[in-house]
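Shown here: run_26.csv, CSV, C-alpha atoms and all ligand atoms.
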```csv
chain,number,residue,atom,x,y,z
A,1,MET,CA,-24.1,-19.8,18.2
A,2,HIS,CA,-20.6,-21.0,17.5
A,3,ILE,CA,-17.2,-19.3,17.7
A,4,LYS,CA,-16.5,-16.9,14.9
A,5,LYS,CA,-13.1,-15.4,15.1
A,6,GLN,CA,-12.9,-11.8,13.9
A,7,ARG,CA,-10.6,-11.7,10.9
A,8,LEU,CA,-9.5,-8.5,9.3
A,9,LEU,CA,-8.8,-9.4,5.7
A,10,THR,CA,-9.0,-6.0,3.9
A,11,PRO,CA,-6.2,-4.4,1.9
A,12,GLY,CA,-5.7,-1.9,4.8
A,13,PRO,CA,-6.0,-2.1,7.6
A,14,THR,CA,-4.4,-5.5,7.3
A,15,PRO,CA,-4.0,-8.3,9.9
A,16,LEU,CA,-1.7,-7.3,12.7
A,17,TYR,CA,1.6,-8.9,13.5
A,18,PRO,CA,1.1,-10.0,17.2
A,19,PRO,CA,4.6,-9.1,18.5
A,20,ALA,CA,4.2,-5.6,17.1
A,21,LEU,CA,0.9,-5.3,18.9
A,22,HIS,CA,2.6,-6.4,22.2
A,23,ALA,CA,5.4,-3.9,21.7
A,24,MET,CA,2.8,-1.1,21.8
A,25,MET,CA,2.2,-1.8,25.5
A,26,ALA,CA,5.7,-0.4,26.3
A,27,SER,CA,4.6,3.1,25.2
A,28,ASP,CA,4.7,4.5,28.7
A,29,MET,CA,7.8,6.3,27.5
A,30,HIS,CA,8.6,10.0,26.9
A,31,HIS,CA,9.5,10.9,23.4
A,32,ARG,CA,12.5,13.1,24.3
A,33,THR,CA,14.4,10.3,25.9
A,34,GLU,CA,17.2,8.0,24.8
A,35,ASP,CA,14.8,5.0,25.0
A,36,PHE,CA,12.6,6.6,22.4
A,37,ARG,CA,15.4,7.8,20.2
A,38,LYS,CA,16.7,4.3,20.1
A,39,ALA,CA,13.3,3.0,18.8
A,40,TYR,CA,12.9,5.9,16.4
A,41,ARG,CA,16.4,5.6,14.9
A,42,SER,CA,15.9,1.9,14.4
A,43,CYS,CA,12.6,2.5,12.7
A,44,LEU,CA,14.1,5.1,10.3
A,45,ALA,CA,17.2,2.9,9.6
A,46,ASP,CA,15.2,-0.2,9.1
A,47,LEU,CA,12.7,1.5,6.8
A,48,LYS,CA,15.6,2.7,4.7
A,49,GLU,CA,16.9,-0.8,4.6
A,50,VAL,CA,13.7,-2.5,3.6
A,51,MET,CA,12.8,0.2,1.1
A,52,GLY,CA,16.3,-0.4,-0.3
A,53,THR,CA,17.2,3.3,-0.8
A,54,SER,CA,20.2,5.4,0.0
A,55,GLY,CA,18.0,8.5,0.0
A,56,ASP,CA,16.4,10.1,3.0
A,57,VAL,CA,13.4,8.5,4.7
A,58,LEU,CA,11.0,10.6,6.8
A,59,MET,CA,8.2,9.4,8.9
A,60,PHE,CA,5.0,11.2,10.0
A,61,CYS,CA,2.1,10.4,12.3
A,62,SER,CA,-0.8,10.4,9.9
A,63,SER,CA,-2.5,8.1,7.6
A,64,GLY,CA,-1.0,7.7,4.1
A,65,THR,CA,-3.0,10.6,2.7
A,66,GLY,CA,-1.2,13.0,5.1
A,67,VAL,CA,2.1,12.3,3.4
A,68,MET,CA,0.5,12.5,-0.1
A,69,ASP,CA,-0.7,16.0,0.9
A,70,ALA,CA,2.7,16.9,2.4
A,71,THR,CA,4.5,15.8,-0.7
A,72,VAL,CA,2.6,18.4,-2.7
A,73,SER,CA,2.8,21.2,-0.1
A,74,ASN,CA,6.6,20.7,0.4
A,75,LEU,CA,7.8,20.2,-3.1
A,76,PHE,CA,5.5,22.2,-5.4
A,77,SER,CA,4.3,25.7,-6.1
A,78,ARG,CA,0.9,27.1,-7.1
A,79,GLY,CA,0.4,27.0,-10.9
A,80,GLU,CA,3.1,24.4,-11.6
A,81,LYS,CA,2.4,21.9,-14.3
A,82,VAL,CA,2.1,18.3,-13.2
A,83,ILE,CA,0.8,15.0,-14.7
A,84,VAL,CA,-1.6,13.0,-12.6
A,85,CYS,CA,-2.2,9.4,-13.5
A,86,VAL,CA,-5.7,8.3,-12.4
A,87,ALA,CA,-6.7,4.6,-12.6
A,88,GLY,CA,-8.9,4.5,-9.5
A,89,LYS,CA,-10.0,6.1,-6.3
A,90,PHE,CA,-6.5,6.7,-5.0
A,91,GLY,CA,-5.4,8.3,-8.3
A,92,GLU,CA,-8.5,10.5,-8.0
A,93,ARG,CA,-7.1,11.5,-4.5
A,94,TRP,CA,-3.9,12.7,-6.2
A,95,ALA,CA,-5.9,14.8,-8.6
A,96,GLU,CA,-7.9,16.3,-5.7
A,97,ILE,CA,-4.8,17.2,-3.7
A,98,ALA,CA,-3.2,18.8,-6.7
A,99,LYS,CA,-6.3,20.8,-7.3
A,100,ALA,CA,-6.6,21.8,-3.6
A,101,TYR,CA,-3.1,23.3,-3.8
A,102,GLY,CA,-3.7,25.0,-7.2
A,103,LEU,CA,-1.3,22.9,-9.3
A,104,ASP,CA,-1.9,23.0,-13.1
A,105,ALA,CA,-2.6,19.3,-13.5
A,106,ASN,CA,-2.9,17.3,-16.7
A,107,VAL,CA,-5.0,14.4,-15.5
A,108,ILE,CA,-4.6,11.2,-17.5
A,109,THR,CA,-7.7,9.1,-16.6
A,110,VAL,CA,-8.3,5.5,-17.6
A,111,PRO,CA,-11.4,3.4,-16.8
A,112,TYR,CA,-11.4,1.5,-13.5
A,113,GLY,CA,-9.6,-1.8,-13.8
A,114,GLN,CA,-7.2,-0.5,-16.5
A,115,VAL,CA,-3.8,1.1,-16.1
A,116,VAL,CA,-2.1,4.3,-17.4
A,117,THR,CA,0.7,3.1,-19.8
A,118,PRO,CA,4.3,4.3,-19.9
A,119,ALA,CA,3.6,5.5,-23.4
A,120,GLN,CA,0.8,7.8,-22.2
A,121,VAL,CA,3.1,9.3,-19.6
A,122,GLN,CA,5.9,9.7,-22.1
A,123,GLU,CA,3.6,11.4,-24.6
A,124,ALA,CA,2.2,13.8,-22.0
A,125,LEU,CA,5.8,14.7,-20.9
A,126,ALA,CA,6.8,15.4,-24.5
A,127,LYS,CA,3.8,17.7,-24.9
A,128,GLU,CA,4.7,19.7,-21.8
A,129,PRO,CA,8.4,19.9,-21.1
A,130,ALA,CA,7.8,22.3,-18.2
A,131,THR,CA,6.2,19.5,-16.2
A,132,LYS,CA,7.5,19.5,-12.6
A,133,GLY,CA,6.1,16.2,-11.4
A,134,VAL,CA,4.3,13.0,-12.3
A,135,PHE,CA,2.0,11.4,-9.7
A,136,ILE,CA,0.8,7.8,-9.7
A,137,GLN,CA,-0.1,4.8,-7.6
A,138,ALA,CA,2.3,1.8,-7.9
A,139,SER,CA,-0.6,-0.4,-6.8
A,140,GLU,CA,-4.2,1.1,-7.3
A,141,THR,CA,-5.8,-0.6,-4.3
A,142,SER,CA,-9.3,0.3,-5.4
A,143,THR,CA,-9.1,-1.8,-8.6
A,144,GLY,CA,-6.3,-4.3,-7.8
A,145,ALA,CA,-4.2,-3.0,-10.8
A,146,ALA,CA,-0.5,-2.4,-10.7
A,147,HIS,CA,1.3,0.2,-12.8
A,148,ASP,CA,4.6,-0.3,-14.7
A,149,VAL,CA,6.4,2.4,-12.6
A,150,ARG,CA,9.8,1.1,-13.8
A,151,ALA,CA,9.2,1.9,-17.4
A,152,MET,CA,7.6,5.3,-16.5
A,153,ALA,CA,10.6,6.2,-14.3
A,154,ALA,CA,13.0,5.6,-17.2
A,155,ALA,CA,11.0,8.2,-19.3
A,156,ILE,CA,10.6,10.7,-16.4
A,157,ALA,CA,14.3,10.5,-15.4
A,158,LYS,CA,15.3,12.2,-18.6
A,159,THR,CA,13.1,15.3,-17.8
A,160,PRO,CA,13.2,17.9,-15.0
A,161,ALA,CA,10.1,16.3,-13.5
A,162,ILE,CA,10.1,14.2,-10.4
A,163,PHE,CA,8.3,10.9,-10.1
A,164,VAL,CA,6.0,10.7,-7.1
A,165,VAL,CA,4.9,7.2,-6.4
A,166,ASP,CA,2.1,6.4,-3.9
A,167,ALA,CA,3.4,2.9,-3.0
A,168,ILE,CA,1.2,2.6,0.1
A,169,THR,CA,0.1,-0.8,-1.1
A,170,GLY,CA,3.1,-1.2,-3.5
A,171,LEU,CA,5.7,-1.6,-0.9
A,172,GLY,CA,6.0,-5.2,0.2
A,173,THR,CA,3.9,-6.5,-2.7
A,174,MET,CA,6.0,-5.7,-5.8
A,175,PRO,CA,9.7,-5.0,-6.5
A,176,LEU,CA,10.5,-1.3,-6.3
A,177,ASP,CA,14.1,-0.4,-6.9
A,178,ILE,CA,13.8,3.2,-5.7
A,179,ASP,CA,17.4,4.3,-6.5
A,180,GLY,CA,18.0,2.0,-9.5
A,181,TRP,CA,14.8,3.0,-11.3
A,182,GLY,CA,14.7,6.6,-10.2
A,183,LEU,CA,11.6,6.8,-8.1
A,184,ASP,CA,12.0,10.2,-6.5
A,185,VAL,CA,9.3,10.1,-3.9
A,186,VAL,CA,8.0,6.7,-2.6
A,187,ILE,CA,5.2,6.8,0.0
A,188,GLY,CA,4.2,4.0,2.4
A,189,GLY,CA,1.8,3.6,5.2
A,190,SER,CA,1.8,1.5,8.4
A,191,GLN,CA,-1.6,-0.2,8.0
A,192,LYS,CA,-0.8,-2.0,4.7
A,193,ALA,CA,2.1,-4.5,4.2
A,194,PHE,CA,3.8,-3.3,7.4
A,195,MET,CA,1.3,-5.2,9.5
A,196,ILE,CA,0.5,-2.6,12.2
A,197,PRO,CA,-2.5,-0.3,12.9
A,198,PRO,CA,-3.1,2.9,10.8
A,199,GLY,CA,-1.4,6.1,11.9
A,200,LEU,CA,2.1,6.2,10.5
A,201,ALA,CA,3.1,7.2,7.0
A,202,PHE,CA,6.6,7.6,5.6
A,203,LEU,CA,8.4,8.5,2.4
A,204,SER,CA,11.7,8.3,0.7
A,205,LEU,CA,13.1,11.4,-1.1
A,206,SER,CA,15.7,11.5,-3.9
A,207,PRO,CA,18.2,14.4,-4.3
A,208,LYS,CA,16.1,15.5,-7.3
A,209,ALA,CA,13.0,15.7,-5.1
A,210,TRP,CA,14.9,17.6,-2.3
A,211,LYS,CA,15.9,20.1,-4.9
A,212,LEU,CA,12.3,21.0,-5.6
A,213,SER,CA,11.8,21.7,-1.9
A,214,GLU,CA,14.2,24.6,-2.4
A,215,THR,CA,11.9,26.4,-4.8
A,216,SER,CA,8.5,25.3,-3.4
A,217,THR,CA,6.3,28.2,-2.1
A,218,LEU,CA,3.2,26.3,-1.0
A,219,PRO,CA,2.3,26.9,2.7
A,220,HIS,CA,2.8,24.1,5.2
A,221,PHE,CA,3.6,23.8,8.9
A,222,TYR,CA,3.0,20.5,10.7
A,223,PHE,CA,4.2,18.5,7.7
A,224,ASN,CA,7.6,20.0,7.1
A,225,PHE,CA,10.1,17.8,5.3
A,226,LYS,CA,13.2,19.9,6.1
A,227,LYS,CA,12.4,20.2,9.7
A,228,GLU,CA,11.5,16.5,9.9
A,229,LYS,CA,14.8,15.5,8.3
A,230,LYS,CA,16.7,17.5,11.0
A,231,SER,CA,14.6,16.0,13.7
A,232,GLY,CA,15.1,12.5,12.3
A,233,ASP,CA,18.8,12.9,12.1
A,234,ALA,CA,18.7,13.6,15.8
A,235,GLY,CA,16.7,10.5,16.5
A,236,GLU,CA,13.5,12.4,17.1
A,237,SER,CA,10.3,13.4,15.4
A,238,SER,CA,9.4,17.1,15.2
A,239,TRP,CA,6.2,16.9,17.2
A,240,THR,CA,4.9,14.5,19.8
A,241,PRO,CA,4.8,11.2,18.0
A,242,SER,CA,2.5,8.2,18.3
A,243,THR,CA,5.0,6.4,20.6
A,244,ALA,CA,2.9,3.2,20.6
A,245,LEU,CA,2.9,3.0,16.8
A,246,ILE,CA,6.6,3.6,16.5
A,247,LEU,CA,7.3,0.8,18.9
A,248,ALA,CA,5.0,-1.4,16.9
A,249,MET,CA,6.7,-0.3,13.7
A,250,ALA,CA,10.2,-1.0,15.0
A,251,GLU,CA,9.1,-4.6,15.9
A,252,ALA,CA,7.3,-5.2,12.6
A,253,LEU,CA,10.4,-3.9,10.7
A,254,ARG,CA,12.6,-6.4,12.6
A,255,TYR,CA,10.3,-9.1,11.4
A,256,VAL,CA,10.3,-7.9,7.8
A,257,LYS,CA,14.1,-7.7,7.9
A,258,SER,CA,14.4,-11.2,9.2
A,259,LEU,CA,12.0,-12.4,6.5
A,260,GLY,CA,13.7,-10.3,3.8
A,261,MET,CA,11.7,-7.7,1.9
A,262,SER,CA,11.9,-9.8,-1.3
A,263,LYS,CA,10.2,-12.7,0.6
A,264,LEU,CA,7.5,-10.4,1.8
A,265,VAL,CA,6.9,-9.4,-1.8
A,266,GLU,CA,7.1,-13.0,-3.0
A,267,ASN,CA,4.6,-14.0,-0.3
A,268,ALA,CA,2.0,-11.5,-1.6
A,269,GLN,CA,2.8,-12.5,-5.2
A,270,LEU,CA,2.2,-16.2,-4.5
A,271,LEU,CA,-1.1,-15.5,-2.6
A,272,ALA,CA,-2.2,-13.3,-5.4
A,273,GLU,CA,-1.4,-15.8,-8.1
A,274,ALA,CA,-3.2,-18.6,-6.1
A,275,THR,CA,-6.2,-16.3,-5.7
A,276,ARG,CA,-6.4,-15.5,-9.4
A,277,ALA,CA,-6.2,-19.2,-10.2
A,278,ALA,CA,-8.9,-20.1,-7.6
A,279,VAL,CA,-11.5,-17.5,-8.7
A,280,GLN,CA,-10.9,-18.2,-12.3
A,281,ARG,CA,-11.5,-21.9,-11.7
A,282,LEU,CA,-14.7,-21.0,-10.0
A,283,GLY,CA,-15.7,-19.2,-13.2
A,284,LEU,CA,-15.4,-15.7,-11.8
A,285,GLU,CA,-13.7,-12.8,-13.6
A,286,LEU,CA,-10.8,-10.7,-12.5
A,287,PHE,CA,-11.5,-6.9,-12.5
A,288,ALA,CA,-8.0,-5.8,-13.4
A,289,ALA,CA,-7.4,-8.7,-15.7
A,290,ALA,CA,-4.7,-7.1,-17.9
A,291,SER,CA,-2.4,-5.8,-15.1
A,292,PRO,CA,-3.3,-7.5,-11.8
A,293,GLY,CA,-1.1,-6.5,-8.9
A,294,SER,CA,-0.3,-8.5,-5.8
A,295,SER,CA,-1.5,-6.3,-3.0
A,296,VAL,CA,-5.2,-7.2,-3.6
A,297,THR,CA,-7.2,-9.2,-6.1
A,298,ALA,CA,-10.4,-7.5,-7.2
A,299,VAL,CA,-13.0,-10.1,-8.4
A,300,LYS,CA,-16.3,-9.4,-10.2
A,301,ALA,CA,-19.3,-10.7,-8.5
A,302,PRO,CA,-21.2,-13.3,-10.6
A,303,ALA,CA,-23.9,-11.7,-12.9
A,304,GLY,CA,-27.0,-10.8,-10.9
A,305,MET,CA,-25.2,-11.0,-7.5
A,306,ASP,CA,-24.4,-7.8,-5.5
A,307,SER,CA,-20.8,-8.1,-4.3
A,308,GLY,CA,-22.1,-6.5,-1.1
A,309,VAL,CA,-23.9,-9.8,-0.4
A,310,ILE,CA,-20.6,-11.7,-0.5
A,311,VAL,CA,-18.9,-9.1,1.8
A,312,LYS,CA,-21.8,-9.2,4.2
A,313,GLU,CA,-21.9,-13.0,4.3
A,314,PHE,CA,-18.2,-13.3,5.0
A,315,ARG,CA,-18.8,-11.1,8.0
A,316,ASN,CA,-22.0,-12.8,9.2
A,317,ARG,CA,-21.0,-16.4,8.6
A,318,PHE,CA,-17.2,-16.3,9.3
A,319,GLY,CA,-16.5,-13.0,11.1
A,320,ALA,CA,-14.3,-12.1,8.2
A,321,ILE,CA,-14.1,-8.6,7.0
A,322,ILE,CA,-13.3,-8.4,3.3
A,323,ALA,CA,-13.5,-5.3,1.0
A,324,ASN,CA,-16.3,-4.3,-1.2
A,325,GLY,CA,-15.6,-2.1,-4.3
A,326,GLN,CA,-15.2,1.6,-3.6
A,327,GLY,CA,-17.3,4.3,-5.3
A,328,SER,CA,-19.0,3.2,-8.4
A,329,MET,CA,-17.3,-0.2,-8.1
A,330,LYS,CA,-19.3,-0.9,-4.9
A,331,GLY,CA,-21.7,-3.8,-5.5
A,332,GLN,CA,-19.7,-4.9,-8.6
A,333,ILE,CA,-16.5,-6.3,-7.1
A,334,PHE,CA,-15.1,-7.7,-3.9
A,335,ARG,CA,-11.4,-7.6,-3.0
A,336,ILE,CA,-9.2,-10.3,-1.4
A,337,ALA,CA,-6.1,-8.9,0.1
A,338,HIS,CA,-2.6,-10.4,0.2
A,339,LEU,CA,-0.4,-7.6,1.6
A,340,GLY,CA,1.5,-8.1,4.8
A,341,TYR,CA,0.6,-10.6,7.4
A,342,PHE,CA,-1.4,-13.0,5.2
A,343,ASP,CA,-0.5,-16.7,4.6
A,344,PHE,CA,-1.8,-19.7,2.7
A,345,ALA,CA,-3.9,-20.8,5.7
A,346,ASP,CA,-5.8,-17.5,5.4
A,347,LEU,CA,-6.3,-18.1,1.7
A,348,PHE,CA,-7.5,-21.7,2.1
A,349,ALA,CA,-10.2,-20.3,4.5
A,350,VAL,CA,-11.2,-17.4,2.3
A,351,VAL,CA,-11.6,-19.5,-0.9
A,352,ALA,CA,-13.5,-22.3,1.0
A,353,GLY,CA,-15.7,-19.6,2.5
A,354,LEU,CA,-16.3,-18.0,-0.9
A,355,GLU,CA,-17.4,-21.4,-2.3
A,356,ILE,CA,-20.0,-21.7,0.5
A,357,ILE,CA,-21.3,-18.2,0.0
A,358,LEU,CA,-21.5,-18.5,-3.8
A,359,ASN,CA,-23.4,-21.7,-3.5
A,360,ALA,CA,-25.8,-20.3,-0.9
A,361,ASN,CA,-26.6,-17.4,-3.2
A,362,GLY,CA,-27.5,-19.4,-6.3
A,363,TYR,CA,-24.1,-19.6,-8.0
A,364,LYS,CA,-23.4,-23.3,-8.0
A,365,VAL,CA,-19.8,-24.5,-7.7
A,366,ALA,CA,-18.5,-27.9,-6.6
A,367,TYR,CA,-16.9,-27.7,-3.2
A,368,GLY,CA,-13.2,-27.7,-3.3
A,369,THR,CA,-12.9,-26.4,-6.9
A,370,GLY,CA,-11.2,-23.1,-5.9
A,371,VAL,CA,-9.4,-24.5,-2.8
A,372,ALA,CA,-7.8,-27.1,-5.0
A,373,ALA,CA,-6.3,-24.4,-7.2
A,374,VAL,CA,-4.7,-22.8,-4.1
A,375,GLN,CA,-3.5,-26.2,-2.9
A,376,GLU,CA,-1.9,-27.0,-6.3
A,377,LEU,CA,0.0,-23.8,-6.3
A,378,TYR,CA,1.1,-24.3,-2.8
A,379,GLU,CA,2.5,-27.7,-3.7
A,380,ARG,CA,4.1,-26.5,-6.9
A,381,VAL,CA,6.1,-23.7,-5.2
A,382,ALA,CA,6.8,-26.1,-2.3
A,383,VAL,CA,6.6,-23.4,0.3
A,384,GLN,CA,8.7,-24.4,3.2
A,385,PRO,CA,7.0,-24.4,6.6
A,386,GLN,CA,8.4,-21.5,8.5
A,387,THR,CA,9.0,-21.2,12.2
A,388,VAL,CA,6.8,-18.5,13.5
A,389,ASN,CA,8.6,-15.6,15.2
A,390,ALA,CA,11.9,-17.4,15.1
A,401,LIG,C1,-4.6,3.0,1.8
A,401,LIG,C2,-4.1,3.8,0.7
A,401,LIG,C3,-3.8,5.2,0.8
A,401,LIG,C4,-3.9,6.0,2.0
A,401,LIG,O1,-5.1,6.1,2.6
A,401,LIG,P1,-5.2,6.5,4.1
A,401,LIG,O2,-6.6,6.2,4.5
A,401,LIG,O3,-4.9,8.0,4.2
A,401,LIG,O4,-4.1,5.7,4.9
A,401,LIG,C5,-3.3,5.9,-0.3
A,401,LIG,N1,-3.1,5.2,-1.5
A,401,LIG,C6,-3.3,3.9,-1.6
A,401,LIG,C7,-3.0,3.3,-2.9
A,401,LIG,C8,-3.8,3.2,-0.6
A,401,LIG,O5,-4.1,1.9,-0.7
```
Using structure tokens, write down the structure that the file contains.
Ligand SMILES: *Cc1c(COP(=O)(O)O)cnc(C)c1O
Amino acid sequence: MHIKKQRLLTPGPTPLYPPALHAMMASDMHHRTEDFRKAYRSCLADLKEVMGTSGDVLMFCSSGTGVMDATVSNLFSRGEKVIVCVAGKFGERWAEIAKAYGLDANVITVPYGQVVTPAQVQEALAKEPATKGVFIQASETSTGAAHDVRAMAAAIAKTPAIFVVDAITGLGTMPLDIDGWGLDVVIGGSQKAFMIPPGLAFLSLSPKAWKLSETSTLPHFYFNFKKEKKSGDAGESSWTPSTALILAMAEALRYVKSLGMSKLVENAQLLAEATRAAVQRLGLELFAAASPGSSVTAVKAPAGMDSGVIVKEFRNRFGAIIANGQGSMKGQIFRIAHLGYFDFADLFAVVAGLEIILNANGYKVAYGTGVAAVQELYERVAVQPQTVNA
């Protein structure tokens, strides 16, 4: 047996930024001390900066779904009319949360791999002027598709509704001008482009979103936006926080700031573009061909090959964990992630490994075909070698 490095290459959890991991070891710290407040304040301020908003940013110790849930329970009331855009498994989660809290949801569903269009949202809004909110994924991680949230925001801004964007894999992979476009709630999570383990989720809130919290009557306790805002202003979290993750987050945010959020986005975009070029040159088909996003690229397995075989072989041959399709897409697609701490060296390896796996399973490709596409893009954009951790 030879060495196989374990490589986590899924679209969440994503590869970890080593200095952030090391920072977690300093978590022998009490959370009601100045040391902690310093880290927490830096986290909140840096999040605001990298998200590029003048609105409030709150952070919670939960996975992303916790803050999706909290957004409904803090801003809405039973029976209120909302529009839910569903283009995949995460959109379905919005619909389930809305249902759990008794909202009156108009669910716009499109087939997996496609996107809800701004025209569909505009039409639904026109039909129901009492709509209080529109829910969507900026990037639908289960299919690899990205929504045109900018155009949708322009339509929603003219109505009383707020625009609630699950940008858990959108942040750091696509431009999101929160204030400029009018994205009222933007939700992110630690285990995606922020390069640290799962367990923290955060959101930005516009004044229009805060206003809804004044009339909301849904019950909530642990996830309380108003309370958390007060605590955050005092440099603390309302309850005992995950100190280790907050120290990691502070470190990762310093890195993102030094890189620049736009560079983090560009990094994902370049890797996604190179991946699309590579798999297409290998004769494979993209799953979300019309609106591919840059957080993850979903690829259809060749006819007659279960995508689970590709996923399994990546693990067995190369110790690499890549993502299968979710739900009914399982076995049909595999997903190559680009969000956060991924680089061209990762992609050279993934595409070279894919070529080996395809060949071994009866789909013949000439070695180097896909890799060359990545190399050509690398050369074309002349990515400058960067000093690590400078
Ligand atoms: C990962 C993810 C979530 C959150 O899932 P959790 O398991 O709760 O962190 C939500 N939406 C999208 C689009 C995601 O990619």
Pairwise distance for atom CA of Asp56 of chain A and atom CA of Gly79 of chain A, rounded to one decimal in Å: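 Answer for the atom CA of Asp56 of chain A to atom CA of Gly79 of chain A separation: 27.1 Å.
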Contact residues around His147 of chain A with all atoms listed in the file at 8 Å, ignoring same-chain residues under 4 positions, as a ChimeraX atom specification: /A:115-117,137-140,291
Option closest in space to Leu21 of chain A, from A:Lys312, A:Pro197, A:Ile321, A:Ile162 [counting all atoms listed in the file]: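 So, comparing all the options, the nearest one is A:Pro197.
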Closest of A:Ile357, A:Met24, A:Leu171, A:Ala248 to ligand LIG 401 (chain A) - atom-to-atom distances counting all atoms listed in the file: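 The closest residue to ligand LIG 401 (chain A) is A:Leu171.
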Nearest-residue call for Asp46 of chain A, choices A:Gly64, A:Gly12, A:Gly113, A:Gly260, using all atoms listed in the file: A:Gly260
Cut-off 8 Å, only C-alpha atoms and all ligand atoms, neighbours of ligand LIG 401 (chain A) as a PyMOL selection string: chain A and resi 11-13+62-66+68+90-91+93+137-142+166-170+189+191-192+198-199+201
Pairwise distance for atom CA of Ser242 of chain A and atom CA of Phe60 of chain A, rounded to one decimal in Å: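 Distance reported for this atom pair: 9.2 Å.
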One-decimal distance in Å that lies between atom CA of Lys38 of chain A and atom CA of Leu16 of chain A: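 One can read the atom CA of Leu16 of chain A to atom CA of Lys38 of chain A distance as 23.0 Å.
Comparing the minimum interatomic distances between Ala151 of chain A and each of A:Leu271, A:Leu183, A:Ala100, A:Val107, counting all atoms listed in the file, we find that A:Leu183 sits nearest.
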Contacts of segment 275-280 of chain A at 12 Å (only C-alpha atoms; same-chain gap of 2+ positions) as a PyMOL selection string: chain A and resi 144+268-273+282-289+291-302+334-338+343-344+346-352+354-355+358+365+367-378
Export of prior selection with C-alpha atoms as a short mmCIF file (atom, residue, chain, number, x, y, z; two decimals), in the frame of the given file:
```cif
data_model
loop_
_atom_site.label_atom_id
_atom_site.label_comp_id
_atom_site.auth_asym_id
_atom_site.auth_seq_id
_atom_site.Cartn_x
_atom_site.Cartn_y
_atom_site.Cartn_z
CA GLY A 144 -6.30 -4.30 -7.80
CA ALA A 268 2.00 -11.50 -1.60
CA GLN A 269 2.80 -12.50 -5.20
CA LEU A 270 2.20 -16.20 -4.50
CA LEU A 271 -1.10 -15.50 -2.60
CA ALA A 272 -2.20 -13.30 -5.40
CA GLU A 273 -1.40 -15.80 -8.10
CA LEU A 282 -14.70 -21.00 -10.00
CA GLY A 283 -15.70 -19.20 -13.20
CA LEU A 284 -15.40 -15.70 -11.80
CA GLU A 285 -13.70 -12.80 -13.60
CA LEU A 286 -10.80 -10.70 -12.50
CA PHE A 287 -11.50 -6.90 -12.50
CA ALA A 288 -8.00 -5.80 -13.40
CA ALA A 289 -7.40 -8.70 -15.70
CA SER A 291 -2.40 -5.80 -15.10
CA PRO A 292 -3.30 -7.50 -11.80
CA GLY A 293 -1.10 -6.50 -8.90
CA SER A 294 -0.30 -8.50 -5.80
CA SER A 295 -1.50 -6.30 -3.00
CA VAL A 296 -5.20 -7.20 -3.60
CA THR A 297 -7.20 -9.20 -6.10
CA ALA A 298 -10.40 -7.50 -7.20
CA VAL A 299 -13.00 -10.10 -8.40
CA LYS A 300 -16.30 -9.40 -10.20
CA ALA A 301 -19.30 -10.70 -8.50
CA PRO A 302 -21.20 -13.30 -10.60
CA PHE A 334 -15.10 -7.70 -3.90
CA ARG A 335 -11.40 -7.60 -3.00
CA ILE A 336 -9.20 -10.30 -1.40
CA ALA A 337 -6.10 -8.90 0.10
CA HIS A 338 -2.60 -10.40 0.20
CA ASP A 343 -0.50 -16.70 4.60
CA PHE A 344 -1.80 -19.70 2.70
CA ASP A 346 -5.80 -17.50 5.40
CA LEU A 347 -6.30 -18.10 1.70
CA PHE A 348 -7.50 -21.70 2.10
CA ALA A 349 -10.20 -20.30 4.50
CA VAL A 350 -11.20 -17.40 2.30
CA VAL A 351 -11.60 -19.50 -0.90
CA ALA A 352 -13.50 -22.30 1.00
CA LEU A 354 -16.30 -18.00 -0.90
CA GLU A 355 -17.40 -21.40 -2.30
CA LEU A 358 -21.50 -18.50 -3.80
CA VAL A 365 -19.80 -24.50 -7.70
CA TYR A 367 -16.90 -27.70 -3.20
CA GLY A 368 -13.20 -27.70 -3.30
CA THR A 369 -12.90 -26.40 -6.90
CA GLY A 370 -11.20 -23.10 -5.90
CA VAL A 371 -9.40 -24.50 -2.80
CA ALA A 372 -7.80 -27.10 -5.00
CA ALA A 373 -6.30 -24.40 -7.20
CA VAL A 374 -4.70 -22.80 -4.10
CA GLN A 375 -3.50 -26.20 -2.90
CA GLU A 376 -1.90 -27.00 -6.30
CA LEU A 377 0.00 -23.80 -6.30
CA TYR A 378 1.10 -24.30 -2.80
#
```
Ref. answer, residues at most 12 Å from (15.3, 26.1, -3.9) with all atoms listed in the file, as a VMD selection string: chain A and resid 74 to 77 208 to 217 226
